[in-house]
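To be precise, the following lines are final-v1.txt, and they hold compact mmCIF, C-alpha atoms.
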```
# COMPACT_ATOMS: atom_id res chain seq x y z
CA GLY A 1 -18.23 3.88 -22.66
CA PHE A 2 -18.37 0.16 -21.79
CA VAL A 3 -20.08 -2.10 -24.30
CA THR A 4 -22.95 -3.98 -22.67
CA GLY A 5 -22.43 -7.74 -22.89
CA LEU A 6 -18.65 -7.59 -23.25
CA ARG A 7 -16.76 -9.66 -20.71
CA ILE A 8 -14.88 -7.08 -18.68
CA GLU A 9 -11.54 -8.91 -18.85
CA ASN A 10 -11.61 -8.46 -22.65
CA SER A 11 -11.90 -4.67 -22.51
CA VAL A 12 -9.01 -2.32 -23.32
CA THR A 13 -8.65 1.43 -22.88
CA VAL A 14 -5.75 3.88 -23.01
CA VAL A 15 -5.61 7.06 -20.93
CA ARG A 16 -3.39 10.10 -21.36
CA GLU A 17 -1.86 12.64 -18.99
CA PRO A 18 -4.75 15.14 -18.68
CA LEU A 19 -2.97 18.41 -19.49
CA ARG A 20 -1.33 16.94 -22.57
CA ARG A 21 -4.66 15.47 -23.60
CA VAL A 22 -6.66 18.69 -23.40
CA VAL A 23 -3.94 20.70 -25.16
CA SER A 24 -3.79 18.07 -27.90
CA GLU A 25 -7.57 18.23 -28.33
CA PHE A 26 -7.41 22.02 -28.61
CA GLN A 27 -4.76 21.69 -31.34
CA HIS A 28 -6.94 19.16 -33.15
CA PHE A 29 -10.01 21.44 -33.09
CA ALA A 30 -7.95 24.44 -34.22
CA LEU A 31 -6.36 22.50 -37.09
CA HIS A 32 -9.29 20.44 -38.35
CA TYR A 33 -12.43 22.32 -37.27
CA GLY A 34 -11.37 25.94 -37.53
CA TYR A 35 -11.63 26.74 -33.83
CA GLU A 36 -10.46 30.36 -33.45
CA GLY A 37 -10.60 30.93 -29.70
CA THR A 38 -7.65 30.79 -27.34
CA MET A 39 -6.54 27.57 -25.71
CA MET A 40 -7.77 28.75 -22.31
CA ASP A 41 -11.18 29.65 -23.80
CA PHE A 42 -11.33 26.13 -25.22
CA CYS A 43 -10.27 24.48 -21.96
CA ASN A 44 -12.83 26.45 -19.93
CA ARG A 45 -15.72 24.93 -21.86
CA PRO A 46 -17.34 22.41 -19.45
CA VAL A 47 -17.67 19.79 -22.18
CA MET A 48 -13.87 19.79 -22.58
CA GLN A 49 -13.10 19.26 -18.89
CA ASN A 50 -12.45 15.85 -17.28
CA ARG A 51 -13.24 14.08 -20.53
CA GLN A 52 -11.64 10.77 -19.60
CA ILE A 53 -13.46 10.21 -16.34
CA LYS A 54 -16.79 10.99 -18.03
CA ILE A 55 -16.17 8.03 -20.33
CA LEU A 56 -14.92 5.61 -17.66
CA GLU A 57 -16.84 6.63 -14.53
CA ALA A 58 -19.45 3.86 -14.83
CA VAL A 59 -16.83 1.10 -14.64
CA PRO A 60 -14.47 0.41 -11.71
CA LEU A 61 -10.95 1.06 -13.00
CA GLU A 62 -9.71 -2.09 -11.28
CA ALA A 63 -12.13 -4.20 -13.34
CA ILE A 64 -11.14 -2.97 -16.81
CA GLY A 65 -9.29 -5.63 -18.81
CA ILE A 66 -6.23 -3.52 -19.63
CA ILE A 67 -5.61 0.16 -19.00
CA GLY A 68 -2.74 1.45 -21.12
CA LEU A 69 -0.96 4.80 -20.85
CA THR A 70 -0.16 7.02 -23.82
CA GLU A 71 3.04 8.04 -22.03
CA LYS A 72 4.04 4.35 -21.81
CA TYR A 73 2.79 3.40 -25.23
CA GLU A 74 5.31 0.67 -26.08
CA GLU A 75 4.89 -1.03 -22.69
CA SER A 76 1.10 -0.81 -23.10
CA ILE A 77 1.24 -2.56 -26.48
CA GLU A 78 3.52 -5.16 -24.91
CA LEU A 79 0.92 -5.92 -22.22
CA ILE A 80 -1.95 -6.03 -24.72
CA ASN A 81 -0.08 -8.41 -27.01
CA ALA A 82 0.87 -10.67 -24.12
CA ARG A 83 -2.64 -10.78 -22.68
CA PHE A 84 -4.49 -11.51 -25.94
CA SER A 85 -1.72 -13.29 -27.88
CA TRP A 86 -1.83 -10.54 -30.49
CA SER A 87 0.94 -9.02 -32.61
CA VAL A 88 -0.06 -5.36 -32.64
CA ALA A 89 2.84 -3.30 -34.01
CA VAL A 90 4.20 -0.24 -32.24
CA ARG A 91 3.55 2.73 -34.54
CA ALA A 92 4.12 6.49 -34.36
CA ASP A 93 1.82 7.86 -37.06
CA ASN A 94 0.37 10.55 -34.79
CA LYS A 95 3.24 12.50 -33.23
CA SER A 96 1.27 15.23 -31.49
CA LEU A 97 2.77 14.46 -28.08
CA ALA A 98 5.77 16.75 -28.62
CA HIS A 99 3.52 19.55 -29.89
CA ALA A 100 1.31 19.26 -26.83
CA ASP A 101 4.39 19.39 -24.59
CA ASN A 102 5.57 22.55 -26.34
CA GLU A 103 2.21 24.24 -25.73
CA ILE A 104 2.24 23.21 -22.06
CA HIS A 105 5.69 24.72 -21.66
CA LYS A 106 4.31 28.03 -22.96
CA LEU A 107 1.71 28.18 -20.19
CA ASN A 108 2.36 30.56 -17.34
CA GLN A 109 1.98 29.38 -13.76
CA ALA A 110 -1.57 30.70 -13.37
CA GLU A 111 -2.76 29.07 -16.61
CA GLU A 112 -1.29 25.70 -15.68
CA ALA A 113 -2.85 25.94 -12.22
CA GLU A 114 -6.22 26.72 -13.81
CA LEU A 115 -5.93 23.74 -16.19
CA ARG A 116 -5.14 21.48 -13.25
CA GLN A 117 -8.15 22.76 -11.31
CA LEU A 118 -10.46 22.36 -14.31
CA ASN A 119 -9.31 18.77 -14.82
CA TYR A 120 -8.64 17.65 -11.26
CA LYS A 121 -10.89 14.60 -11.62
CA ASP A 122 -8.98 13.41 -14.68
CA ILE A 123 -5.68 14.04 -12.87
CA GLU A 124 -6.77 11.78 -10.02
CA LEU A 125 -8.02 9.20 -12.54
CA TYR A 126 -4.66 9.25 -14.30
CA ARG A 127 -2.83 8.78 -11.00
CA GLN A 128 -4.89 5.69 -10.23
CA CYS A 129 -4.42 4.33 -13.74
CA THR A 130 -0.66 4.82 -13.47
CA GLU A 131 -0.57 2.87 -10.21
CA LEU A 132 -2.56 0.02 -11.75
CA PHE A 133 -0.38 0.01 -14.85
CA ASP A 134 2.89 -0.05 -12.91
CA THR A 135 1.62 -2.87 -10.69
CA ARG A 136 0.56 -4.91 -13.71
CA TYR A 137 3.71 -4.29 -15.73
CA ASN A 138 5.96 -5.25 -12.81
CA LEU A 139 4.03 -8.50 -12.38
CA TYR A 140 4.26 -9.16 -16.13
CA GLN A 141 8.03 -8.66 -16.08
CA SER A 142 8.23 -11.20 -13.24
CA GLY A 143 6.12 -13.74 -15.15
CA LEU A 144 3.20 -13.37 -12.75
CA GLN A 145 -0.48 -12.88 -13.50
CA PHE A 146 -2.30 -9.68 -12.57
CA SER A 147 -5.47 -9.84 -10.48
CA HIS A 148 -8.35 -7.41 -10.95
CA SER A 149 -9.03 -6.60 -7.32
CA LEU A 150 -10.62 -3.97 -5.13
CA ILE A 151 -11.52 -3.32 -1.49
CA GLN A 152 -15.09 -2.06 -1.67
CA ARG A 153 -15.62 -1.53 2.04
CA ALA A 154 -13.31 -1.08 5.03
CA THR A 155 -15.31 -0.66 8.22
CA GLU A 156 -15.35 -2.16 11.70
CA GLN A 157 -18.20 -4.38 10.51
CA ASN A 158 -16.50 -5.73 7.41
CA VAL A 159 -13.53 -5.48 5.07
CA SER A 160 -14.78 -6.73 1.76
CA GLY A 161 -14.18 -6.57 -1.96
CA TRP A 162 -13.60 -8.70 -5.05
CA ALA A 163 -10.80 -10.28 -7.07
CA TRP A 164 -10.32 -12.38 -10.20
CA TRP A 165 -7.46 -13.33 -12.52
CA GLU A 166 -6.74 -11.23 -15.60
CA ASP A 167 -7.29 -14.14 -17.99
CA GLY A 168 -10.84 -14.62 -16.70
CA SER A 169 -10.18 -18.17 -15.52
CA ASP A 170 -12.47 -19.94 -13.07
CA LYS A 171 -9.61 -20.44 -10.64
CA PRO A 172 -10.49 -18.49 -7.46
CA VAL A 173 -8.07 -15.90 -6.09
CA GLU A 174 -6.86 -16.27 -2.52
CA VAL A 175 -6.79 -12.90 -0.75
CA GLU A 176 -4.82 -12.14 2.41
CA LEU A 177 -5.77 -9.30 4.75
CA LEU A 178 -2.93 -7.07 5.94
CA LEU A 179 -3.91 -5.35 9.19
CA ASN A 180 -1.64 -2.42 10.11
CA GLY A 181 0.91 -3.92 7.76
CA GLU A 182 0.80 -7.41 9.26
CA PRO A 183 -0.69 -10.47 7.48
CA THR A 184 -3.74 -11.93 9.23
CA LYS A 185 -6.60 -13.89 7.67
CA LYS A 186 -6.93 -15.40 4.19
CA LYS A 187 -10.05 -16.00 2.10
CA PHE A 188 -10.79 -17.24 -1.41
CA ALA A 189 -12.77 -14.70 -3.43
CA THR A 190 -15.83 -16.85 -4.16
CA ASP A 191 -18.77 -14.84 -2.73
CA LEU A 192 -21.46 -13.62 -5.12
CA ARG A 193 -21.28 -9.94 -6.11
CA PRO A 194 -24.59 -9.27 -7.93
CA GLY A 195 -23.62 -5.64 -8.61
CA LEU A 196 -20.88 -6.87 -10.94
CA CYS A 197 -23.07 -9.15 -13.06
CA TRP A 198 -23.47 -6.56 -15.84
CA LEU A 199 -19.68 -6.64 -16.33
CA HIS A 200 -19.68 -10.44 -16.77
CA PRO A 201 -16.75 -11.27 -14.48
CA PRO A 202 -15.67 -14.93 -14.09
CA ARG A 203 -17.67 -17.59 -12.25
CA GLY A 204 -20.97 -15.77 -12.67
CA ALA A 205 -19.74 -12.93 -10.43
CA HIS A 206 -18.78 -15.28 -7.57
CA VAL A 207 -15.62 -13.22 -7.07
CA GLY A 208 -16.14 -11.57 -3.68
CA PHE A 209 -14.32 -11.87 -0.36
CA SER A 210 -15.22 -10.70 3.13
CA PHE A 211 -13.42 -10.35 6.47
CA PRO A 212 -16.11 -9.59 9.10
CA LYS A 213 -15.10 -7.88 12.36
CA ALA A 214 -11.45 -8.01 11.31
CA ALA A 215 -10.39 -4.44 12.13
CA LYS A 216 -11.19 -1.45 14.30
CA GLU A 217 -11.67 2.21 13.46
CA GLY A 218 -8.31 3.84 12.80
CA ASP A 219 -6.58 0.62 11.76
CA THR A 220 -5.10 0.46 8.29
CA VAL A 221 -5.92 -2.36 5.91
CA GLN A 222 -4.60 -3.57 2.60
CA CYS A 223 -5.04 -6.87 0.81
CA ARG A 224 -2.50 -9.11 -0.88
CA ILE A 225 -2.90 -11.84 -3.48
CA SER A 226 -1.37 -14.91 -1.85
CA GLU A 227 -0.06 -16.44 -5.07
CA THR A 228 1.70 -13.38 -6.51
CA GLY A 229 2.24 -10.88 -3.69
CA GLN A 230 0.21 -8.20 -5.51
CA CYS A 231 -1.10 -5.67 -2.97
CA PHE A 232 -4.25 -3.61 -3.32
CA PRO A 233 -5.04 -0.82 -3.04
CA PHE A 234 -1.66 0.70 -3.86
CA LYS A 235 -1.42 2.13 -0.32
CA PRO A 236 -3.15 0.96 2.91
CA ILE A 237 -6.44 2.64 3.74
CA PHE A 238 -7.96 3.57 7.09
CA VAL A 239 -10.85 1.64 8.60
CA THR A 240 -13.95 3.67 9.43
CA LYS A 241 -16.58 2.96 12.09
CA ASN A 242 -19.49 2.48 9.68
```
Would you put the structure from the file into structure tokens?
Amino acid sequence: GFVTGLRIENSVTVVREPLRRVVSEFQHFALHYGYEGTMMDFCNRPVMQNRQIKILEAVPLEAIGIIGLTEKYEESIELINARFSWSVAVRADNKSLAHADNEIHKLNQAEEAELRQLNYKDIELYRQCTELFDTRYNLYQSGLQFSHSLIQRATEQNVSGWAWWEDGSDKPVEVELLLNGEPTKKKFATDLRPGLCWLHPPRGAHVGFSFPKAAKEGDTVQCRISETGQCFPFKPIFVTKN
């Protein structure tokens, strides 16, 4: 879980492809704790389902300092080192990934489908984390800074959200609204967002933006960071009436 009092831009987590993760955990319990049931028995236990989202569900993914991917381990370490000026070495002491892959390949179609259904929340979480990671890594390779950013609401009354720079600087982020794919208005994200105060974002949570009466029901909206071209969310979303 998130440590109370930690500035959110200084947090780091690493997520793993959900089927590999649950198979790996089964192998760990069988090897170290003497678990004698089958893998499917293990995976059907509610406590073993959607484990990653249970840990992260209290925190918006877009706000977390860095989300790494086990499947892109070296690139994740690269981002972490660059962000915090660290020199963490890439190591391969725990090589269970191949073993987990072997077990997945042994699953029949029905078993794999059942695992996916049991962990559908983690699968969606991993998809979102992958999109965030790819966006961030592409910006990093271009020498551009990532912005933690989210559209919280997209209605006829208001398109609103928040944004701040990954280094936690006090420099406000300029956000551009894309309406049906076309750029329209721009705003600096400087409005107070009290609901974020517990995460300690920059500028005392004055990181919000708002575009009132900017769209109609059925329109699509997306936002773009003026300085870097970063778009969020990954794909445009539809505007609702309320």
Report task. For A:Arg83, work out the shell of residues within 9 Å, counting all atoms listed in the file and skipping chain neighbours fewer than 6 positions away, then give it as a VMD selection string. Result -> chain A and resid 66 166 to 167
**Report entry** One-decimal distance in Å that lies between atom CA of A:Thr220 and atom CA of A:Lys235
**Finding:**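 Answer for the atom CA of A:Lys235 to atom CA of A:Thr220 separation: 9.5 Å.
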Query - Who sits within 12 Å of stretch 180-193 of chain A, all atoms listed in the file, same chain under 5 positions skipped, as a ChimeraX atom specification - result: /A:147-152,159-165,170-175,198-227,229,231,235-239
Written selection (C-alpha atoms) as an mmCIF file, in the coordinates of the input:
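Below is the file that was written, out-v6.cif:
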```
data_model
loop_
_atom_site.group_PDB
_atom_site.id
_atom_site.type_symbol
_atom_site.label_atom_id
_atom_site.label_comp_id
_atom_site.auth_asym_id
_atom_site.auth_seq_id
_atom_site.Cartn_x
_atom_site.Cartn_y
_atom_site.Cartn_z
ATOM 1 C CA SER A 147 -5.470 -9.840 -10.480
ATOM 2 C CA HIS A 148 -8.350 -7.410 -10.950
ATOM 3 C CA SER A 149 -9.030 -6.600 -7.320
ATOM 4 C CA LEU A 150 -10.620 -3.970 -5.130
ATOM 5 C CA ILE A 151 -11.520 -3.320 -1.490
ATOM 6 C CA GLN A 152 -15.090 -2.060 -1.670
ATOM 7 C CA VAL A 159 -13.530 -5.480 5.070
ATOM 8 C CA SER A 160 -14.780 -6.730 1.760
ATOM 9 C CA GLY A 161 -14.180 -6.570 -1.960
ATOM 10 C CA TRP A 162 -13.600 -8.700 -5.050
ATOM 11 C CA ALA A 163 -10.800 -10.280 -7.070
ATOM 12 C CA TRP A 164 -10.320 -12.380 -10.200
ATOM 13 C CA TRP A 165 -7.460 -13.330 -12.520
ATOM 14 C CA ASP A 170 -12.470 -19.940 -13.070
ATOM 15 C CA LYS A 171 -9.610 -20.440 -10.640
ATOM 16 C CA PRO A 172 -10.490 -18.490 -7.460
ATOM 17 C CA VAL A 173 -8.070 -15.900 -6.090
ATOM 18 C CA GLU A 174 -6.860 -16.270 -2.520
ATOM 19 C CA VAL A 175 -6.790 -12.900 -0.750
ATOM 20 C CA TRP A 198 -23.470 -6.560 -15.840
ATOM 21 C CA LEU A 199 -19.680 -6.640 -16.330
ATOM 22 C CA HIS A 200 -19.680 -10.440 -16.770
ATOM 23 C CA PRO A 201 -16.750 -11.270 -14.480
ATOM 24 C CA PRO A 202 -15.670 -14.930 -14.090
ATOM 25 C CA ARG A 203 -17.670 -17.590 -12.250
ATOM 26 C CA GLY A 204 -20.970 -15.770 -12.670
ATOM 27 C CA ALA A 205 -19.740 -12.930 -10.430
ATOM 28 C CA HIS A 206 -18.780 -15.280 -7.570
ATOM 29 C CA VAL A 207 -15.620 -13.220 -7.070
ATOM 30 C CA GLY A 208 -16.140 -11.570 -3.680
ATOM 31 C CA PHE A 209 -14.320 -11.870 -0.360
ATOM 32 C CA SER A 210 -15.220 -10.700 3.130
ATOM 33 C CA PHE A 211 -13.420 -10.350 6.470
ATOM 34 C CA PRO A 212 -16.110 -9.590 9.100
ATOM 35 C CA LYS A 213 -15.100 -7.880 12.360
ATOM 36 C CA ALA A 214 -11.450 -8.010 11.310
ATOM 37 C CA ALA A 215 -10.390 -4.440 12.130
ATOM 38 C CA LYS A 216 -11.190 -1.450 14.300
ATOM 39 C CA GLU A 217 -11.670 2.210 13.460
ATOM 40 C CA GLY A 218 -8.310 3.840 12.800
ATOM 41 C CA ASP A 219 -6.580 0.620 11.760
ATOM 42 C CA THR A 220 -5.100 0.460 8.290
ATOM 43 C CA VAL A 221 -5.920 -2.360 5.910
ATOM 44 C CA GLN A 222 -4.600 -3.570 2.600
ATOM 45 C CA CYS A 223 -5.040 -6.870 0.810
ATOM 46 C CA ARG A 224 -2.500 -9.110 -0.880
ATOM 47 C CA ILE A 225 -2.900 -11.840 -3.480
ATOM 48 C CA SER A 226 -1.370 -14.910 -1.850
ATOM 49 C CA GLU A 227 -0.060 -16.440 -5.070
ATOM 50 C CA GLY A 229 2.240 -10.880 -3.690
ATOM 51 C CA CYS A 231 -1.100 -5.670 -2.970
ATOM 52 C CA LYS A 235 -1.420 2.130 -0.320
ATOM 53 C CA PRO A 236 -3.150 0.960 2.910
ATOM 54 C CA ILE A 237 -6.440 2.640 3.740
ATOM 55 C CA PHE A 238 -7.960 3.570 7.090
ATOM 56 C CA VAL A 239 -10.850 1.640 8.600
#
```
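Distances here use all atoms listed in the file; by that measure, the residue among A:Thr130, A:Arg7, A:Leu19, A:Arg153 closest to A:Ala113 is A:Leu19.
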Query - Close residues, A:Val90 itself excluded, 12 Å, all atoms listed in the file, min 5 positions apart in chain, as number ranges by chain - result: A: 70, 72-81
Query raised in the report: Do you know which residues are at most 8 Å from A:Lys121 counting all atoms listed in the file, after dropping those on the same chain fewer than 3 positions away, and could you put them as an MDAnalysis selection string?
Result: chainID A and resid 50 53 124:125
Using the file's own x, y and z axes, what box holds all listed atoms of stretch 159-167 of chain A with 5 Å on each side, keeping edges along x, y and z, and what are its centre and edge lengths in Å to one decimal, as AutoDock Vina command-line options?
```
--center_x -10.8 --center_y -9.8 --center_z -6.5 --size_x 18.0 --size_y 18.7 --size_z 33.1
```
Requested in this report: Measure the distance from atom CA of A:Gly168 to atom CA of A:Ala89 in Å and round it to one decimal.
Outcome: 24.8 Å
Query raised in the report: In terms of the shortest atom-to-atom distance over all atoms listed in the file, which of A:Met48, A:Cys197, A:Val12, A:Leu69 is closest to A:Phe84?
Result: A:Val12
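Across the model, the gap from atom CA of A:Asp134 to atom CA of A:Tyr120 is 21.2 Å.
Of the listed residues A:Ala82, A:Ile67, A:Leu179, A:Val23, the one whose atoms come nearest to A:Tyr140 is A:Ala82, with distances taken using only C-alpha atoms.
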Query - Residue list as an MDAnalysis selection string for point (-14.0, 2.3, -13.6), cut-off 12 Å, all atoms listed in the file - result: chainID A and resid 1:2 8 11:13 52:67 125:126 128:129 132 148:150 196 199
Query raised in the report: Which neighbours of stretch 43-45 of chain A fall inside 10 Å, counting only C-alpha atoms, when residues of the same chain fewer than 3 positions from it are skipped, and could you give them as a ChimeraX atom specification?
Result: /A:19,22-23,25-26,38-40,48-49,114-115,118-119
Query raised in the report: Which residue out of A:Phe232, A:Tyr33, A:Phe133, A:Phe146 has the minimum interatomic distance to A:Val15 when all atoms listed in the file are used?
Result: A:Phe133
